[in-house]
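Heads up, final_16.cif below (mmCIF, C-alpha atoms):
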```cif
data_protein
#
loop_
_atom_site.label_atom_id
_atom_site.label_comp_id
_atom_site.auth_asym_id
_atom_site.auth_seq_id
_atom_site.Cartn_x
_atom_site.Cartn_y
_atom_site.Cartn_z
CA MET A 253 0.00 0.00 0.00
CA PRO A 254 1.45 3.42 -0.91
CA TRP A 255 2.29 5.73 1.96
CA VAL A 256 2.13 9.50 2.20
CA VAL A 257 4.61 11.45 4.29
CA ALA A 258 3.34 14.64 5.87
CA THR A 259 5.17 17.19 7.98
CA VAL A 260 3.26 18.52 10.98
CA LEU A 261 4.48 21.50 13.01
CA ILE A 262 4.39 20.85 16.78
CA GLY A 263 5.32 23.80 18.95
CA THR A 264 8.62 25.16 17.63
CA GLY A 265 9.62 21.94 15.99
CA ALA A 266 8.33 19.64 13.33
CA ALA A 267 7.37 15.97 13.16
CA LEU A 268 7.04 13.53 10.33
CA VAL A 269 3.67 11.71 10.17
CA VAL A 270 3.26 8.72 7.87
CA VAL A 271 -0.33 7.97 6.76
CA SER A 272 -1.75 5.57 4.21
CA GLU A 273 -3.13 6.75 0.88
CA MET A 274 -6.56 5.29 1.88
CA ASP A 275 -6.62 7.43 5.02
CA ALA A 276 -5.85 10.46 2.96
CA HIS A 277 -8.68 9.62 0.55
CA ASN A 278 -11.20 9.12 3.39
CA ALA A 279 -10.22 12.41 4.95
CA ALA A 280 -11.19 14.14 1.74
CA PHE A 281 -14.55 12.31 1.34
CA VAL A 282 -17.66 14.48 1.74
CA PRO A 283 -21.02 12.59 2.01
CA PRO A 284 -23.82 13.71 -0.33
CA PRO A 285 -26.58 15.94 1.14
CA VAL A 286 -29.51 14.16 2.82
CA GLU A 287 -32.54 14.10 0.55
CA LEU A 288 -35.67 15.84 1.93
CA ARG A 289 -38.62 13.45 1.90
CA VAL A 290 -42.22 14.60 2.38
CA ALA A 291 -45.40 12.68 3.28
CA ILE A 292 -48.80 14.39 3.10
CA SER A 293 -52.13 13.04 4.34
CA PRO A 294 -54.52 13.02 2.58
CA ALA A 295 -52.61 12.38 -0.63
CA ASP A 296 -52.50 15.02 -3.33
CA ALA A 297 -55.73 15.37 -5.37
CA SER A 298 -57.70 13.17 -2.96
CA THR A 299 -61.49 13.47 -3.11
CA GLY A 300 -64.18 12.29 -0.71
CA VAL A 301 -61.86 12.95 2.23
CA VAL A 302 -63.50 12.21 5.59
CA PRO A 303 -63.09 15.27 7.88
CA ALA A 304 -62.47 13.10 10.94
CA GLU A 305 -59.22 11.80 9.40
CA PRO A 306 -56.04 13.73 10.34
CA ILE A 307 -54.65 16.41 8.04
CA ARG A 308 -50.87 16.29 8.43
CA VAL A 309 -47.49 16.85 6.79
CA ASP A 310 -44.33 14.95 7.76
CA VAL A 311 -40.77 15.53 6.54
CA MET A 312 -37.62 13.47 6.95
CA GLY A 313 -34.19 14.95 6.41
CA GLY A 314 -35.26 18.49 7.25
CA THR A 315 -37.88 20.69 8.85
CA LEU A 316 -41.12 22.42 7.90
CA ALA A 317 -41.97 26.10 7.70
CA ASP A 318 -44.89 28.29 6.57
CA VAL A 319 -47.47 25.49 6.52
CA ALA A 320 -50.94 26.69 5.46
CA VAL A 321 -54.12 24.80 4.57
CA THR A 322 -56.58 27.16 2.92
CA SER A 323 -60.10 26.61 1.58
CA GLU A 324 -61.43 28.01 -1.65
CA ASP A 325 -63.01 30.94 0.18
CA GLY A 326 -59.78 31.82 1.95
CA LYS A 327 -60.43 30.28 5.36
CA VAL A 328 -57.29 28.89 6.96
CA LEU A 329 -57.37 25.59 8.79
CA PRO A 330 -55.44 26.02 12.07
CA GLY A 331 -52.69 23.61 13.00
CA GLY A 332 -49.50 23.16 14.96
CA LEU A 333 -45.89 22.21 14.31
CA SER A 334 -44.11 19.59 16.41
CA THR A 335 -41.18 20.68 18.55
CA ASP A 336 -38.68 19.04 16.17
CA GLY A 337 -40.24 20.90 13.23
CA GLN A 338 -40.84 17.71 11.28
CA THR A 339 -44.62 17.24 11.65
CA TRP A 340 -47.51 19.63 11.15
CA LEU A 341 -51.00 18.52 12.25
CA ALA A 342 -54.31 20.32 11.74
CA THR A 343 -56.00 21.15 15.05
CA GLN A 344 -59.44 21.66 13.49
CA LYS A 345 -61.41 19.43 11.19
CA PRO A 346 -62.04 20.64 7.64
CA ALA A 347 -65.51 21.55 6.43
CA PHE A 348 -67.68 19.20 4.42
CA GLY A 349 -67.75 19.49 0.61
CA THR A 350 -64.78 21.86 0.42
CA THR A 351 -61.54 21.90 -1.57
CA TYR A 352 -58.38 22.83 0.33
CA ARG A 353 -54.89 23.73 -0.85
CA LEU A 354 -51.92 22.85 1.34
CA THR A 355 -48.70 24.82 0.95
CA ALA A 356 -45.48 24.64 2.95
CA THR A 357 -41.73 24.96 2.74
CA GLY A 358 -39.41 22.08 3.48
CA ILE A 359 -35.95 23.13 4.62
CA GLY A 360 -33.20 20.57 4.07
CA GLU A 361 -29.47 20.47 3.48
CA THR A 362 -29.91 21.54 -0.15
CA GLY A 363 -32.00 24.56 0.81
CA PRO A 364 -35.74 25.37 0.83
CA GLN A 365 -38.14 23.23 -1.17
CA PRO A 366 -41.76 24.21 -1.96
CA ILE A 367 -44.50 21.75 -0.98
CA SER A 368 -48.07 21.83 -2.28
CA SER A 369 -51.11 19.57 -2.37
CA THR A 370 -54.89 19.72 -2.73
CA PHE A 371 -57.77 17.64 -1.40
CA THR A 372 -61.57 17.79 -1.38
CA THR A 373 -63.72 16.64 1.52
CA VAL A 374 -66.83 14.50 1.25
CA ALA A 375 -70.23 16.16 0.75
CA PRO A 376 -72.58 13.91 2.80
CA LYS A 377 -76.22 13.31 1.92
CA ARG A 378 -77.15 12.78 5.58
CA LEU A 379 -75.86 14.20 8.85
CA VAL A 380 -76.16 12.76 12.35
CA LYS A 381 -76.30 15.06 15.38
CA ALA A 382 -75.03 13.95 18.81
CA THR A 383 -76.32 15.40 22.11
CA SER A 384 -75.47 14.78 25.75
CA ASN A 385 -77.86 14.36 28.67
CA ILE A 386 -75.56 16.17 31.14
CA GLY A 387 -74.79 19.84 30.65
CA ASP A 388 -71.53 21.67 31.19
CA GLY A 389 -71.13 22.56 34.86
CA ASP A 390 -73.91 20.28 36.08
CA VAL A 391 -73.71 18.48 39.42
CA VAL A 392 -75.17 14.96 39.34
CA GLY A 393 -75.66 11.96 41.61
CA VAL A 394 -73.35 8.99 42.07
CA ALA A 395 -75.40 6.68 39.82
CA ALA A 396 -75.77 9.11 36.90
CA PRO A 397 -75.19 7.49 33.50
CA ILE A 398 -73.73 9.57 30.67
CA GLU A 399 -75.88 9.39 27.56
CA ILE A 400 -74.83 10.33 24.04
CA ARG A 401 -77.90 10.33 21.85
CA PHE A 402 -77.82 10.35 18.05
CA ASP A 403 -80.78 11.71 16.10
CA ARG A 404 -80.53 8.92 13.52
CA ARG A 405 -80.18 5.18 14.06
CA ILE A 406 -76.59 4.00 13.92
CA PRO A 407 -76.20 0.61 12.18
CA GLU A 408 -74.56 -1.97 14.42
CA ALA A 409 -71.66 -2.31 11.96
CA ASP A 410 -70.84 1.40 12.39
CA ARG A 411 -71.23 1.72 16.16
CA ALA A 412 -67.55 0.97 16.77
CA ALA A 413 -66.60 4.01 14.66
CA ALA A 414 -68.96 6.16 16.70
CA GLU A 415 -67.71 4.78 20.01
CA LYS A 416 -64.05 5.36 19.09
CA ALA A 417 -64.92 9.06 18.83
CA LEU A 418 -66.16 9.13 22.45
CA ALA A 419 -63.99 9.62 25.52
CA VAL A 420 -64.50 10.01 29.27
CA GLN A 421 -61.83 11.53 31.52
CA THR A 422 -62.10 11.57 35.31
CA SER A 423 -60.23 13.41 38.04
CA VAL A 424 -59.74 10.14 39.93
CA PRO A 425 -59.47 6.63 38.47
CA VAL A 426 -62.93 5.25 37.62
CA THR A 427 -63.61 1.95 35.85
CA GLY A 428 -66.47 2.22 33.39
CA SER A 429 -67.66 1.32 29.91
CA TRP A 430 -69.89 2.45 27.08
CA GLY A 431 -72.93 0.32 26.39
CA TRP A 432 -75.31 0.60 23.43
CA LEU A 433 -78.92 0.30 24.54
CA PRO A 434 -81.46 -1.17 22.11
CA ASP A 435 -83.16 1.33 19.83
CA ASN A 436 -86.67 2.24 20.96
CA ASP A 437 -89.48 1.66 18.49
CA TRP A 438 -90.93 5.11 19.14
CA GLU A 439 -87.65 6.97 18.50
CA THR A 440 -85.67 7.67 15.33
CA GLY A 441 -82.20 7.59 16.88
CA SER A 442 -79.71 5.49 18.81
CA ARG A 443 -78.17 6.00 22.24
CA VAL A 444 -75.05 4.86 24.02
CA HIS A 445 -74.53 5.17 27.78
CA TRP A 446 -71.35 5.25 29.85
CA ARG A 447 -71.65 4.06 33.42
CA PRO A 448 -69.08 3.15 36.06
CA ALA A 449 -68.75 -0.41 37.31
CA THR A 450 -69.90 0.83 40.72
CA TYR A 451 -71.25 4.21 41.81
CA TRP A 452 -69.12 7.26 41.01
CA PRO A 453 -66.84 8.48 43.80
CA ALA A 454 -68.38 11.63 45.29
CA GLY A 455 -66.65 14.80 44.16
CA THR A 456 -65.27 13.37 40.91
CA THR A 457 -64.83 15.78 37.99
CA VAL A 458 -65.83 14.22 34.67
CA THR A 459 -65.11 15.44 31.14
CA VAL A 460 -66.93 13.86 28.21
CA MET A 461 -65.82 14.38 24.61
CA ALA A 462 -67.71 13.28 21.53
CA ASP A 463 -65.55 14.08 18.49
CA THR A 464 -68.15 12.81 16.07
CA ARG A 465 -68.09 15.52 13.39
CA GLY A 466 -66.96 14.01 10.13
CA VAL A 467 -67.07 10.42 11.38
CA ASP A 468 -68.49 8.03 8.79
CA LEU A 469 -71.50 6.34 10.41
CA GLY A 470 -72.52 4.26 7.43
CA ALA A 471 -76.14 4.42 6.29
CA ALA A 472 -76.93 6.91 9.06
CA GLY A 473 -74.65 9.50 7.47
CA PHE A 474 -71.73 11.51 8.84
CA GLY A 475 -71.45 13.02 12.28
CA SER A 476 -72.41 16.69 12.10
CA ASN A 477 -70.92 18.01 15.34
CA ASP A 478 -68.38 17.63 18.10
CA LEU A 479 -69.44 18.19 21.68
CA GLY A 480 -67.83 18.30 25.08
CA THR A 481 -69.03 18.76 28.62
CA THR A 482 -67.42 18.88 32.05
CA PHE A 483 -69.53 18.15 35.11
CA SER A 484 -69.03 16.97 38.67
CA ILE A 485 -70.37 14.24 40.91
CA GLY A 486 -71.97 15.71 44.02
CA ARG A 487 -72.39 14.21 47.45
CA SER A 488 -73.35 10.55 47.69
CA GLN A 489 -77.07 10.31 48.42
CA ILE A 490 -78.65 6.87 48.21
CA VAL A 491 -82.28 6.02 48.90
CA LYS A 492 -82.76 2.61 50.50
CA ALA A 493 -86.29 1.57 49.64
CA ASP A 494 -87.09 -1.81 51.17
CA VAL A 495 -90.76 -2.30 50.33
CA THR A 496 -91.22 -4.83 53.13
CA SER A 497 -90.22 -2.25 55.73
CA HIS A 498 -92.73 0.42 54.62
CA ARG A 499 -89.92 2.92 55.19
CA MET A 500 -87.75 5.05 52.89
CA VAL A 501 -84.26 5.62 54.26
CA VAL A 502 -82.00 8.38 52.86
CA VAL A 503 -78.26 7.81 53.30
CA ARG A 504 -75.99 10.78 52.60
CA ASP A 505 -72.22 10.30 52.53
CA GLY A 506 -72.62 7.11 54.51
CA GLN A 507 -74.86 8.56 57.21
CA VAL A 508 -78.62 8.06 57.59
CA VAL A 509 -80.18 11.52 57.33
CA SER A 510 -83.85 10.52 57.26
CA ASP A 511 -85.97 7.43 57.86
CA LEU A 512 -89.46 8.12 56.51
CA PRO A 513 -92.73 6.18 56.65
CA ALA A 514 -93.73 5.23 53.10
CA SER A 515 -96.17 3.20 51.10
CA TYR A 516 -95.08 1.27 47.99
CA GLY A 517 -96.93 -0.52 45.22
CA LEU A 518 -99.59 -3.06 46.05
CA GLU A 519 -97.94 -6.49 45.86
CA ALA A 520 -101.21 -8.29 45.16
CA ASP A 521 -101.30 -6.80 41.62
CA ALA A 522 -98.18 -7.26 39.46
CA ARG A 523 -99.15 -4.15 37.50
CA ARG A 524 -98.85 -2.05 40.66
CA VAL A 525 -95.68 -3.48 42.20
CA THR A 526 -92.82 -0.98 42.69
CA ARG A 527 -90.11 -2.47 40.48
CA ASN A 528 -87.22 -4.17 42.24
CA GLY A 529 -83.74 -2.85 41.41
CA THR A 530 -81.69 0.33 41.29
CA HIS A 531 -83.57 3.27 39.83
CA ILE A 532 -82.11 6.75 39.49
CA VAL A 533 -83.58 10.20 39.99
CA MET A 534 -84.40 11.34 36.45
CA SER A 535 -86.18 14.64 37.04
CA LYS A 536 -88.41 16.40 39.54
CA SER A 537 -91.32 18.85 39.59
CA PRO A 538 -93.25 20.58 42.39
CA SER A 539 -96.50 19.41 40.77
CA VAL A 540 -97.40 16.66 38.33
CA LEU A 541 -100.70 15.56 36.78
CA MET A 542 -100.82 11.77 36.96
CA THR A 543 -102.97 9.61 34.69
CA ASN A 544 -103.48 5.86 34.54
CA PRO A 545 -106.52 4.79 32.49
CA THR A 546 -106.04 1.16 33.58
CA PHE A 547 -106.97 2.17 37.11
CA ASP A 548 -109.51 4.83 36.19
CA TYR A 549 -107.74 8.02 37.21
CA GLU A 550 -106.80 10.96 35.05
CA ASN A 551 -104.97 14.24 35.68
CA VAL A 552 -104.73 13.72 39.42
CA LEU A 553 -102.57 16.51 40.85
CA MET A 554 -99.64 15.34 42.97
CA HIS A 555 -96.95 17.46 44.59
CA TRP A 556 -93.19 17.25 45.21
CA ALA A 557 -92.78 14.55 42.59
CA VAL A 558 -89.35 13.01 41.93
CA ARG A 559 -89.36 10.77 38.85
CA ILE A 560 -87.34 7.55 39.28
CA SER A 561 -88.36 5.72 36.10
CA ASN A 562 -90.13 6.30 32.79
CA ASN A 563 -92.74 3.70 33.70
CA GLY A 564 -94.60 6.19 35.89
CA GLU A 565 -92.80 5.58 39.18
CA PHE A 566 -92.27 8.67 41.34
CA ILE A 567 -91.45 9.48 44.93
CA HIS A 568 -94.13 12.02 45.78
CA ALA A 569 -96.49 13.39 48.36
CA ASN A 570 -99.88 11.74 48.70
CA PRO A 571 -101.94 12.70 51.74
CA ALA A 572 -104.67 10.27 50.63
CA SER A 573 -102.44 7.30 51.43
CA GLY A 574 -101.23 8.77 54.71
CA TRP A 575 -103.04 6.07 56.68
CA ALA A 576 -100.94 3.38 54.93
CA GLN A 577 -97.55 5.10 55.04
CA GLY A 578 -95.30 3.12 57.35
CA ARG A 579 -97.90 0.33 57.61
CA SER A 580 -98.79 -1.22 54.25
CA ASN A 581 -98.23 -0.94 50.51
CA VAL A 582 -101.27 0.31 48.60
CA THR A 583 -99.98 2.54 45.77
CA HIS A 584 -99.99 2.00 42.01
CA GLY A 585 -96.18 1.67 42.01
CA CYS A 586 -95.06 5.05 43.30
CA VAL A 587 -93.43 5.71 46.64
CA ASN A 588 -95.89 7.76 48.69
CA LEU A 589 -94.76 10.08 51.49
CA SER A 590 -96.43 12.72 53.59
CA THR A 591 -96.40 16.24 52.13
CA ALA A 592 -93.76 17.48 54.58
CA ASN A 593 -91.50 14.48 54.07
CA ALA A 594 -91.90 14.53 50.29
CA ARG A 595 -90.99 18.23 50.18
CA ALA A 596 -87.93 17.68 52.39
CA TYR A 597 -86.68 14.83 50.17
CA TYR A 598 -87.54 16.71 46.96
CA ASP A 599 -85.30 19.60 47.99
CA THR A 600 -82.25 17.30 48.23
CA ALA A 601 -82.73 15.12 45.13
CA ILE A 602 -80.59 15.60 42.01
CA TYR A 603 -80.34 13.77 38.70
CA GLY A 604 -78.48 10.49 39.09
CA ASP A 605 -79.16 9.84 42.76
CA PRO A 606 -79.71 6.07 43.13
CA VAL A 607 -82.97 4.74 44.54
CA GLU A 608 -82.41 1.12 45.54
CA VAL A 609 -85.72 -0.71 45.65
CA THR A 610 -85.52 -4.09 47.34
CA GLY A 611 -87.95 -6.70 48.59
CA SER A 612 -90.52 -6.48 45.79
CA THR A 613 -91.59 -9.34 43.53
CA VAL A 614 -91.22 -7.76 40.06
CA PRO A 615 -87.73 -6.82 38.78
CA MET A 616 -86.97 -3.64 36.88
CA THR A 617 -86.30 -4.33 33.17
CA ARG A 618 -86.01 -2.53 29.85
CA ALA A 619 -89.81 -2.38 29.74
CA ASP A 620 -89.68 0.08 32.65
CA GLY A 621 -88.14 2.97 30.75
CA ASP A 622 -85.04 4.47 29.19
CA VAL A 623 -82.72 4.33 32.19
CA TYR A 624 -82.36 0.81 33.50
CA ASP A 625 -78.56 0.73 33.40
CA TRP A 626 -78.14 -0.49 36.97
CA ALA A 627 -80.50 -3.41 36.39
CA ILE A 628 -77.82 -4.86 34.07
CA PRO A 629 -74.94 -6.75 35.75
CA TRP A 630 -71.53 -5.18 35.11
CA GLU A 631 -70.20 -8.24 33.25
CA GLN A 632 -73.15 -8.06 30.87
CA TRP A 633 -72.89 -4.28 30.54
CA GLN A 634 -69.32 -4.58 29.23
CA THR A 635 -70.49 -6.82 26.38
CA MET A 636 -72.76 -3.98 25.21
CA SER A 637 -69.76 -1.96 24.00
CA ALA A 638 -69.22 -2.03 20.22
CA LEU A 639 -65.45 -2.24 20.52
CA ASP A 640 -63.54 -5.50 20.14
CA ASP A 641 -61.11 -4.59 22.95
CA LYS A 642 -63.89 -4.14 25.53
#
```

structure tokens encoding of this file:
Amino acid sequence: MPWVVATVLIGTGAALVVVSEMDAHNAAFVPPPVELRVAISPADASTGVVPAEPIRVDVMGGTLADVAVTSEDGKVLPGGLSTDGQTWLATQKPAFGTTYRLTATGIGETGPQPISSTFTTVAPKRLVKATSNIGDGDVVGVAAPIEIRFDRRIPEADRAAAEKALAVQTSVPVTGSWGWLPDNDWETGSRVHWRPATYWPAGTTVTVMADTRGVDLGAAGFGSNDLGTTFSIGRSQIVKADVTSHRMVVVRDGQVVSDLPASYGLEADARRVTRNGTHIVMSKSPSVLMTNPTFDYENVLMHWAVRISNNGEFIHANPASGWAQGRSNVTHGCVNLSTANARAYYDTAIYGDPVEVTGSTVPMTRADGDVYDWAIPWEQWQTMSALDDK
């Protein structure tokens, strides 16, 4: 191998250094510049783009600058650049039926490189609106289910896509699951509930997000909106309603705060039995007109009425059954209290408070209204999710 002799000055003297010709060649080698590579999603000239899919630009071998995604009417889609400058991601979904132009500059070792692309989003024939049963800032009871209701029926094959767009975040760890309830014959839409495995911990802060806008929901159409709500779980208030005791006990934060004489549904008639199982407070009103043609009464005015099921069950005042309260069960399924006791309980009740009815002969089922979540065992509830990884 040939050798090269080089003289190197060291201090005030000089030294001879002998190096190989290969070493000299390697010292002179300069690697070629790294090629800038760009990936854009959706691909250039794409049509029928689903707005729920991410809009992003990635580069390798450089960084991004001046990224802009602009619609035909000049509206700019906001987005953000990663800290390493190599990924830009839109932070807002694009509009339906709109063409967008993406422009950017890629900066690599060979200098700036222009980047451009276009795409057009889908123009759906049908839209599906999602709503929530709990409002932002609400305070609810420890058995409150979260309901996301869609105004069109979601085919079973597309429920997983809808459920993937839903999320629940809690201030403390809470185990829970979404469950799709059967569609009601009298309604045009579908509903999915989220409930914890056991009652919510009191004081929990809950944030629900439904990022459904632009999600393809099959024959139902595309999601029309995103929604979000943050609410809190209030104190724990549980009604213990043992029909055999003829009492209604209210337990707040583990302490009995009232033990009231009550009358429940007449056990001799299955149509009048107060349904066994965990109900929840659904709503309340200081006065309600009650009608039941089967038992020949119509528009009977009752006061301090707390609805606990959609089958007509309330906790309410009824002076007419005062003689039976604390002694026997004579009602048509409601829980009757004295006027004073009903008013006192009414003032404390909030949506989602559990009412645990025990000791009766007829169980609560789907036939008893929209909210029968707690009548379903947790193991069964988990199977009602549409996701494979449930």

Interface rows for segment 560-616 of chain A against segment 623-634 of chain A: nearest pair, Å to one decimal, 10 Å, only C-alpha atoms, as a Markdown table:
```
| residue | atom | partner | partner_atom | distance |
| --- | --- | --- | --- | --- |
| A:Ile560 | CA | A:Val623 | CA | 9.1 |
| A:Ser561 | CA | A:Val623 | CA | 7.0 |
| A:Asn562 | CA | A:Val623 | CA | 7.7 |
| A:Pro606 | CA | A:Trp626 | CA | 9.1 |
| A:Glu608 | CA | A:Trp626 | CA | 9.7 |
| A:Pro615 | CA | A:Ala627 | CA | 8.3 |
| A:Met616 | CA | A:Ala627 | CA | 6.5 |
```

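Between atom CA of Phe483 of chain A and atom CA of Ser384 of chain A there is a distance of 11.6 Å.
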
Run the PyMOL selection byres ((chain A and resi 442) around 10) mentally over the shown coordinates, then write out the matched residues as a PyMOL selection string, using the chain letters and numbers from the document. chain A and resi 382+400-407+411+432-436+439-441+443-444

With a distance cut-off of 8 Å and all atoms listed in the file, select the neighbouring residues of Phe371 of chain A, excluding the residue or stretch itself and same-chain residues fewer than 3 positions from it, and output the selection as a PyMOL selection string. chain A and resi 294-299+301+351-353

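The smallest atom-to-atom distance between Thr335 of chain A and any of A:Asn563, A:Thr450, A:Thr315, A:Ser612, using all atoms listed in the file, is found for A:Thr315.
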
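Atom CA of Ser293 of chain A lies 18.7 Å from atom CA of Ala375 of chain A.
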
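Among the candidate residues A:His568, A:Arg289, A:Lys416, A:His584, the one lying nearest to Asp468 of chain A is A:Lys416, with distances computed using all atoms listed in the file.
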
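Residues lying within 12 Å of (-65.9, -2.7, 28.1). Counted over only C-alpha atoms, they are Glu415, Thr427, Gly428, Ser429, Trp430, Gly431, Trp432, His445, Trp446, Arg447, Pro448, Ala449, Trp630, Glu631, Gln632, Trp633, Gln634, Thr635, Met636, Ser637, Ala638, Leu639, Asp640, Asp641 and Lys642 of chain A.
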
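Computed from the coordinates, the atom CA of Lys536 of chain A to atom CA of Ala594 of chain A distance equals 11.5 Å.
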
Can you give me, as a PyMOL selection string, the residues this file yields under the PyMOL selection byres ((chain A and resi 462) around 12)? chain A and resi 304+381-384+398-402+413-421+444+459-461+463-467+475-482

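The set of residues that the PyMOL selection byres ((chain A and resi 503-507) around 8) takes from this file is Arg487, Ser488, Gln489, Ile490, Val491, Lys492, Val501, Val502, Val508, Val509 and Ser510 of chain A.
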
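When only C-alpha atoms are used to measure the gap to Gly337 of chain A, the shortest distance among A:Thr362, A:Asp310, A:Ala396, A:Thr350 belongs to A:Asp310.
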
Restricting the calculation to all atoms listed in the file, which member of A:Thr610, A:Thr343, A:Asn551, A:Asn581 is positioned closest to Glu519 of chain A? A:Asn581

So which residues touch Met534 of chain A within 6 Å, counting all atoms listed in the file, skipping near sequence neighbours fewer than 2 positions away, as a ChimeraX atom specification? /A:532,559-560,603

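Near Ile367 of chain A, within a cut-off of 12 Å and counting all atoms listed in the file, sit the residues A:Leu288, A:Arg289, A:Val290, A:Ala291, A:Ile292, A:Asp296, A:Val309, A:Asp310, A:Val311, A:Thr315, A:Leu316, A:Ala317, A:Asp318, A:Val319, A:Ala320, A:Val321, A:Arg353, A:Leu354, A:Thr355, A:Ala356, A:Thr357, A:Gly358, A:Ile359, A:Pro364, A:Gln365, A:Ser369, A:Thr370, with same-chain residues fewer than 2 positions away left out.
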
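When the distance limit is 10 Å and only C-alpha atoms are what count, the residues near Arg523 of chain A, minus those fewer than 2 positions from it on the same chain, are Gly517, Leu518, Glu519, Ala520, Asp521, Val525, Thr526, Arg527, Thr546, His584, Gly585 and Val614 of chain A.
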
Selection file, C-alpha atoms, as a PDB file, in the coordinates of the input:
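Printed below is selection32.pdb as written:
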```pdb
ATOM      1  CA  GLY A 517     -96.930  -0.520  45.220  1.00  0.00           C
ATOM      2  CA  LEU A 518     -99.590  -3.060  46.050  1.00  0.00           C
ATOM      3  CA  GLU A 519     -97.940  -6.490  45.860  1.00  0.00           C
ATOM      4  CA  ALA A 520    -101.210  -8.290  45.160  1.00  0.00           C
ATOM      5  CA  ASP A 521    -101.300  -6.800  41.620  1.00  0.00           C
ATOM      6  CA  VAL A 525     -95.680  -3.480  42.200  1.00  0.00           C
ATOM      7  CA  THR A 526     -92.820  -0.980  42.690  1.00  0.00           C
ATOM      8  CA  ARG A 527     -90.110  -2.470  40.480  1.00  0.00           C
ATOM      9  CA  THR A 546    -106.040   1.160  33.580  1.00  0.00           C
ATOM     10  CA  HIS A 584     -99.990   2.000  42.010  1.00  0.00           C
ATOM     11  CA  GLY A 585     -96.180   1.670  42.010  1.00  0.00           C
ATOM     12  CA  VAL A 614     -91.220  -7.760  40.060  1.00  0.00           C
TER      13      VAL A 614
END
```

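In terms of minimum interatomic distance to Thr591 of chain A, A:Pro513 ranks closest within A:Pro513, A:Gly486, A:Gly473, A:Gly564, counting all atoms listed in the file.
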
8 Å contact set for Ile602 of chain A, all atoms listed in the file, chain neighbours under 4 positions out, as a PyMOL selection string: chain A and resi 391-393+533-535

Final N, CA and C atoms of segment 464-478 of chain A as a tab-separated table (two decimals), keeping the file's coordinate frame:
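Contents of out.tsv, freshly written:
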```tsv
chain	number	residue	atom	x	y	z
A	464	THR	N	-67.43	13.58	17.09
A	464	THR	CA	-68.15	12.81	16.07
A	464	THR	C	-68.27	13.53	14.72
A	465	ARG	N	-67.93	14.81	14.67
A	465	ARG	CA	-68.09	15.52	13.39
A	465	ARG	C	-67.15	14.92	12.35
A	466	GLY	N	-67.73	14.58	11.21
A	466	GLY	CA	-66.96	14.01	10.13
A	466	GLY	C	-66.72	12.52	10.21
A	467	VAL	N	-67.23	11.87	11.26
A	467	VAL	CA	-67.07	10.42	11.38
A	467	VAL	C	-68.09	9.73	10.48
A	468	ASP	N	-67.62	8.78	9.70
A	468	ASP	CA	-68.49	8.03	8.79
A	468	ASP	C	-69.30	7.02	9.60
A	469	LEU	N	-70.61	7.21	9.65
A	469	LEU	CA	-71.50	6.34	10.41
A	469	LEU	C	-72.39	5.51	9.49
A	470	GLY	N	-71.84	5.17	8.35
A	470	GLY	CA	-72.52	4.26	7.43
A	470	GLY	C	-73.81	4.83	6.89
A	471	ALA	N	-74.85	4.01	6.87
A	471	ALA	CA	-76.14	4.42	6.29
A	471	ALA	C	-76.78	5.58	7.04
A	472	ALA	N	-76.38	5.79	8.30
A	472	ALA	CA	-76.93	6.91	9.06
A	472	ALA	C	-76.44	8.24	8.53
A	473	GLY	N	-75.23	8.27	7.97
A	473	GLY	CA	-74.65	9.50	7.47
A	473	GLY	C	-73.33	9.79	8.17
A	474	PHE	N	-72.96	11.07	8.18
A	474	PHE	CA	-71.73	11.51	8.84
A	474	PHE	C	-72.08	12.34	10.07
A	475	GLY	N	-71.26	12.20	11.09
A	475	GLY	CA	-71.45	13.02	12.28
A	475	GLY	C	-71.38	14.49	11.94
A	476	SER	N	-72.33	15.27	12.46
A	476	SER	CA	-72.41	16.69	12.10
A	476	SER	C	-71.72	17.61	13.10
A	477	ASN	N	-71.42	17.10	14.30
A	477	ASN	CA	-70.92	18.01	15.34
A	477	ASN	C	-70.00	17.28	16.32
A	478	ASP	N	-69.14	18.08	16.94
A	478	ASP	CA	-68.38	17.63	18.10
A	478	ASP	C	-69.03	18.26	19.33
```
